[in-house]
Amino acid sequence: MLTVKEAIEKRRSIRSFKPDPVPDALLHQIMEAARLAPSGSNRQPWRFQIIKEGSLKQQFMKEATFGQAVLANAPVIIICGSEMLTFVKRHKLAPPNSEYYGAETEDPEELKKFIPDANMYDAIAITHMTLMATALGLGTCWVQSIKPGAAAKVLGWPRHMTVFTALALGYPAEDPPARDRSSMETILIKEGQKPV
Ligand SMILES: Cc1cc2nc3c(=O)[nH]c(=O)nc-3n(C[C@H](O)[C@H](O)[C@H](O)COP(=O)(O)O)c2cc1C
């Protein structure tokens, strides 16, 4: 198992996978990494659906994506979205002491205001998953180019749940070099300096 530093440095977006199935024990560790992610007020809005080979995967590809080869190629697709009722004040799915922040009602229009927060929390969980997968010798590709509305329809998710993104998962069939990153000088604003 890699250290956190090693996993951060080794992780790549993998777009070509071996057909080998992902063992359930490893899948469990990846989902556990998601479950343990932090979120504002410990709200944990994230929900996941694991899609493996089968007709649902085909239907998802056809109706809810723009034909991403990376998803067609992956033995596992993990759909990630949010249970927006976790943002309703005092709702049974909301965290304790939820009355200070959230929606007053379950009205989907009101809940829409909280989607950016939900997406942010989901993104933390997905990041945990990508790093855990790397540490376990698996590869992932975060695929945002999906059709969330169509995805919710294919999966039968209700209106109070949003689909945020899809994660392709499997054993890598490629070993791409590290992709470019901005330099530390570019991203770090020195103390006392104003960005121009
Ligand atoms: C939020 C997000 C959305 C992304 N969406 C896609 C996508 O739709 N299709 C794809 O092939 N890669 C997608 N990627 C992968 C990025 O292209 C990739 O992370 C970036 O080019 C850096 O490469 P690396 O992940 O190998 O370091 C996405 C990554 C993130 C974090």
# chains A, B, ... in the order shown; residues from 1 in each chain; ligands from 1
>>> residues_around(residues="stretch 4-6 of chain A", least_positions_apart="6", cutoff="12 Å", atoms="only C-alpha atoms", output="list of chain:residue names")
A:Arg12, A:Thr127, A:His128, A:Thr130, A:Leu131, A:Met132, A:Ala133, A:Thr134, A:Ala135, A:Leu136, A:Gly137
>>> residues_around(residues="A:Ile50", least_positions_apart="2", cutoff="10 Å", atoms="only C-alpha atoms", output="list in words")
Leu27, Met31, Phe48, Lys52, Lys57, Val76, Ile77, Ile78, Ile79, Cys80, Ala166 and Leu167 of chain A
>>> residues_around(residues="A:Leu111", least_positions_apart="5", cutoff="12 Å", atoms="only C-alpha atoms", output="list of chain:residue names")
A:Ser82, A:Glu83, A:Met84, A:Leu85, A:Thr86, A:Phe87, A:Val88, A:Lys89, A:Tyr101, A:Gly102, A:Ala103, A:Glu104, A:Thr105, A:Glu106, A:Pro116, A:Asp117, A:Ala118, A:Arg159, A:His160, A:Met161, A:Thr162
>>> closest_atom_pairs(of="chain A", to="ligand 1", cutoff="8 Å", atoms="only C-alpha atoms and all ligand atoms", output="tab-separated table")
residue	atom	partner	partner_atom_place_in_ligand_line	distance
A:Arg11	CA	ligand 1	27 (O)	6.7
A:Arg12	CA	ligand 1	26 (O)	3.5
A:Ser13	CA	ligand 1	26 (O)	3.7
A:Ile14	CA	ligand 1	26 (O)	6.9
A:Arg15	CA	ligand 1	11 (O)	6.8
A:Gln68	CA	ligand 1	9 (N)	7.1
A:Val70	CA	ligand 1	11 (O)	6.6
A:Ala123	CA	ligand 1	1 (C)	7.6
A:Cys141	CA	ligand 1	15 (C)	5.9
A:Trp142	CA	ligand 1	28 (C)	4.7
A:Val143	CA	ligand 1	8 (O)	3.6
A:Gln144	CA	ligand 1	8 (O)	4.0
A:Ser145	CA	ligand 1	8 (O)	3.9
A:Ile146	CA	ligand 1	8 (O)	7.0
A:Thr165	CA	ligand 1	3 (C)	7.9
A:Pro176	CA	ligand 1	26 (O)	7.5
A:Pro177	CA	ligand 1	26 (O)	7.9
A:Ala178	CA	ligand 1	27 (O)	6.2
A:Arg179	CA	ligand 1	27 (O)	5.2
A:Asp180	CA	ligand 1	22 (C)	7.6
>>> select_by_dssp(residues="stretch 6-193 of chain A", states="strand (DSSP E or B)", output="VMD selection string")
chain A and resid 13 17 46 to 51 65 76 to 83 88 103 139 to 143 146 161 to 170 172
>>> write_last_selection(atoms="C-alpha atoms", output="PDB file, in the first residue's frame")
ATOM      1  CA  SER A  13      -6.250  10.025 -14.888  1.00  0.00           C
ATOM      2  CA  PHE A  17      -8.319  -0.195 -18.415  1.00  0.00           C
ATOM      3  CA  TRP A  46     -22.802  12.130  -1.020  1.00  0.00           C
ATOM      4  CA  ARG A  47     -24.487   9.059  -2.423  1.00  0.00           C
ATOM      5  CA  PHE A  48     -22.856   6.525  -4.723  1.00  0.00           C
ATOM      6  CA  GLN A  49     -24.084   3.922  -7.145  1.00  0.00           C
ATOM      7  CA  ILE A  50     -21.651   1.324  -8.439  1.00  0.00           C
ATOM      8  CA  ILE A  51     -22.282   0.168 -11.972  1.00  0.00           C
ATOM      9  CA  THR A  65     -22.927  10.431 -21.422  1.00  0.00           C
ATOM     10  CA  VAL A  76     -16.573  -0.182 -12.912  1.00  0.00           C
ATOM     11  CA  ILE A  77     -18.310   3.187 -13.045  1.00  0.00           C
ATOM     12  CA  ILE A  78     -19.109   4.862  -9.757  1.00  0.00           C
ATOM     13  CA  ILE A  79     -21.820   7.477  -9.999  1.00  0.00           C
ATOM     14  CA  CYS A  80     -21.596  10.148  -7.353  1.00  0.00           C
ATOM     15  CA  GLY A  81     -24.289  12.605  -6.433  1.00  0.00           C
ATOM     16  CA  SER A  82     -26.016  14.158  -3.468  1.00  0.00           C
ATOM     17  CA  GLU A  83     -29.025  13.602  -1.262  1.00  0.00           C
ATOM     18  CA  VAL A  88     -33.096  20.782   4.798  1.00  0.00           C
ATOM     19  CA  ALA A 103     -33.236  25.142   3.267  1.00  0.00           C
ATOM     20  CA  GLY A 139      -6.679   3.603 -11.779  1.00  0.00           C
ATOM     21  CA  THR A 140      -9.465   6.157 -11.965  1.00  0.00           C
ATOM     22  CA  CYS A 141     -10.702   8.877 -14.247  1.00  0.00           C
ATOM     23  CA  TRP A 142     -13.030  11.538 -12.956  1.00  0.00           C
ATOM     24  CA  VAL A 143     -15.570  12.107 -15.746  1.00  0.00           C
ATOM     25  CA  ILE A 146     -22.023  13.438 -18.296  1.00  0.00           C
ATOM     26  CA  MET A 161     -31.040  13.733  -5.385  1.00  0.00           C
ATOM     27  CA  THR A 162     -28.556  15.207  -7.823  1.00  0.00           C
ATOM     28  CA  VAL A 163     -26.074  13.383 -10.004  1.00  0.00           C
ATOM     29  CA  PHE A 164     -22.751  15.169  -9.790  1.00  0.00           C
ATOM     30  CA  THR A 165     -20.156  13.086 -11.588  1.00  0.00           C
ATOM     31  CA  ALA A 166     -18.898   9.651 -12.624  1.00  0.00           C
ATOM     32  CA  LEU A 167     -15.671   7.912 -11.701  1.00  0.00           C
ATOM     33  CA  ALA A 168     -14.234   5.293 -14.022  1.00  0.00           C
ATOM     34  CA  LEU A 169     -12.356   2.609 -12.098  1.00  0.00           C
ATOM     35  CA  GLY A 170     -10.274  -0.414 -12.975  1.00  0.00           C
ATOM     36  CA  PRO A 172      -4.748   0.556 -15.559  1.00  0.00           C
TER      37      PRO A 172
END
>>> atom_distance(atom1="atom CA of A:Ala94", atom2="atom CA of A:Asp122")
15.5 Å
>>> select_by_dssp(residues="stretch 50-107 of chain A", states="helix (DSSP H, G or I)", output="PyMOL selection string")
chain A and resi 55-64+69-73+84-87+98-100
>>> closest_residue(among="A:Pro158, A:Pro148, A:Pro195, A:Pro19", to="A:Ala74", atoms="only C-alpha atoms")
A:Pro19
>>> atom_distance(atom1="atom CA of A:Asp20", atom2="atom CA of A:Ala150")
28.4 Å
>>> closest_residue(among="A:Ala125, A:Thr3, A:Val22, A:Ala64", to="A:Pro38", atoms="only C-alpha atoms")
A:Ala125
>>> atom_distance(atom1="atom CA of A:Glu53", atom2="atom CA of A:Ala173")
17.7 Å
>>> decode(residues="stretch 146-166 of chain A", atoms="N, CA and C atoms", output="mmCIF file, in the first residue's frame")
data_model
loop_
_atom_site.group_PDB
_atom_site.id
_atom_site.type_symbol
_atom_site.label_atom_id
_atom_site.label_comp_id
_atom_site.auth_asym_id
_atom_site.auth_seq_id
_atom_site.Cartn_x
_atom_site.Cartn_y
_atom_site.Cartn_z
ATOM 1 N N ILE A 146 -20.841 14.297 -18.213
ATOM 2 C CA ILE A 146 -22.023 13.438 -18.296
ATOM 3 C C ILE A 146 -23.247 14.342 -18.269
ATOM 4 N N LYS A 147 -24.409 13.763 -18.509
ATOM 5 C CA LYS A 147 -25.652 14.541 -18.500
ATOM 6 C C LYS A 147 -26.373 14.223 -17.193
ATOM 7 N N PRO A 148 -26.253 15.104 -16.189
ATOM 8 C CA PRO A 148 -26.777 14.764 -14.852
ATOM 9 C C PRO A 148 -28.268 14.434 -14.843
ATOM 10 N N GLY A 149 -29.057 15.207 -15.600
ATOM 11 C CA GLY A 149 -30.504 14.952 -15.617
ATOM 12 C C GLY A 149 -30.814 13.585 -16.207
ATOM 13 N N ALA A 150 -30.160 13.296 -17.332
ATOM 14 C CA ALA A 150 -30.384 12.002 -17.988
ATOM 15 C C ALA A 150 -29.868 10.867 -17.109
ATOM 16 N N ALA A 151 -28.747 11.128 -16.413
ATOM 17 C CA ALA A 151 -28.178 10.093 -15.532
ATOM 18 C C ALA A 151 -29.166 9.766 -14.411
ATOM 19 N N ALA A 152 -29.742 10.808 -13.810
ATOM 20 C CA ALA A 152 -30.709 10.586 -12.722
ATOM 21 C C ALA A 152 -31.894 9.769 -13.228
ATOM 22 N N LYS A 153 -32.294 10.051 -14.475
ATOM 23 C CA LYS A 153 -33.437 9.329 -15.058
ATOM 24 C C LYS A 153 -33.088 7.845 -15.274
ATOM 25 N N VAL A 154 -31.931 7.609 -15.854
ATOM 26 C CA VAL A 154 -31.510 6.213 -16.118
ATOM 27 C C VAL A 154 -31.420 5.432 -14.805
ATOM 28 N N LEU A 155 -30.870 6.103 -13.767
ATOM 29 C CA LEU A 155 -30.631 5.406 -12.493
ATOM 30 C C LEU A 155 -31.880 5.376 -11.612
ATOM 31 N N GLY A 156 -32.880 6.175 -11.993
ATOM 32 C CA GLY A 156 -34.108 6.215 -11.192
ATOM 33 C C GLY A 156 -33.940 6.981 -9.895
ATOM 34 N N TRP A 157 -33.026 7.960 -9.891
ATOM 35 C CA TRP A 157 -32.842 8.767 -8.688
ATOM 36 C C TRP A 157 -33.962 9.802 -8.596
ATOM 37 N N PRO A 158 -34.493 10.021 -7.393
ATOM 38 C CA PRO A 158 -35.604 10.972 -7.245
ATOM 39 C C PRO A 158 -35.147 12.429 -7.367
ATOM 40 N N ARG A 159 -36.100 13.335 -7.390
ATOM 41 C CA ARG A 159 -35.804 14.753 -7.642
ATOM 42 C C ARG A 159 -34.956 15.388 -6.549
ATOM 43 N N HIS A 160 -35.041 14.831 -5.327
ATOM 44 C CA HIS A 160 -34.255 15.419 -4.248
ATOM 45 C C HIS A 160 -32.814 14.910 -4.223
ATOM 46 N N MET A 161 -32.439 14.155 -5.266
ATOM 47 C CA MET A 161 -31.040 13.733 -5.385
ATOM 48 C C MET A 161 -30.456 14.275 -6.687
ATOM 49 N N THR A 162 -29.219 14.724 -6.606
ATOM 50 C CA THR A 162 -28.556 15.207 -7.823
ATOM 51 C C THR A 162 -27.477 14.213 -8.226
ATOM 52 N N VAL A 163 -27.257 14.112 -9.530
ATOM 53 C CA VAL A 163 -26.074 13.383 -10.004
ATOM 54 C C VAL A 163 -24.995 14.428 -10.243
ATOM 55 N N PHE A 164 -23.839 14.203 -9.669
ATOM 56 C CA PHE A 164 -22.751 15.169 -9.790
ATOM 57 C C PHE A 164 -21.731 14.729 -10.836
ATOM 58 N N THR A 165 -21.242 13.503 -10.688
ATOM 59 C CA THR A 165 -20.156 13.086 -11.588
ATOM 60 C C THR A 165 -20.050 11.564 -11.657
ATOM 61 N N ALA A 166 -19.146 11.094 -12.503
ATOM 62 C CA ALA A 166 -18.898 9.651 -12.624
ATOM 63 C C ALA A 166 -17.404 9.398 -12.498
#
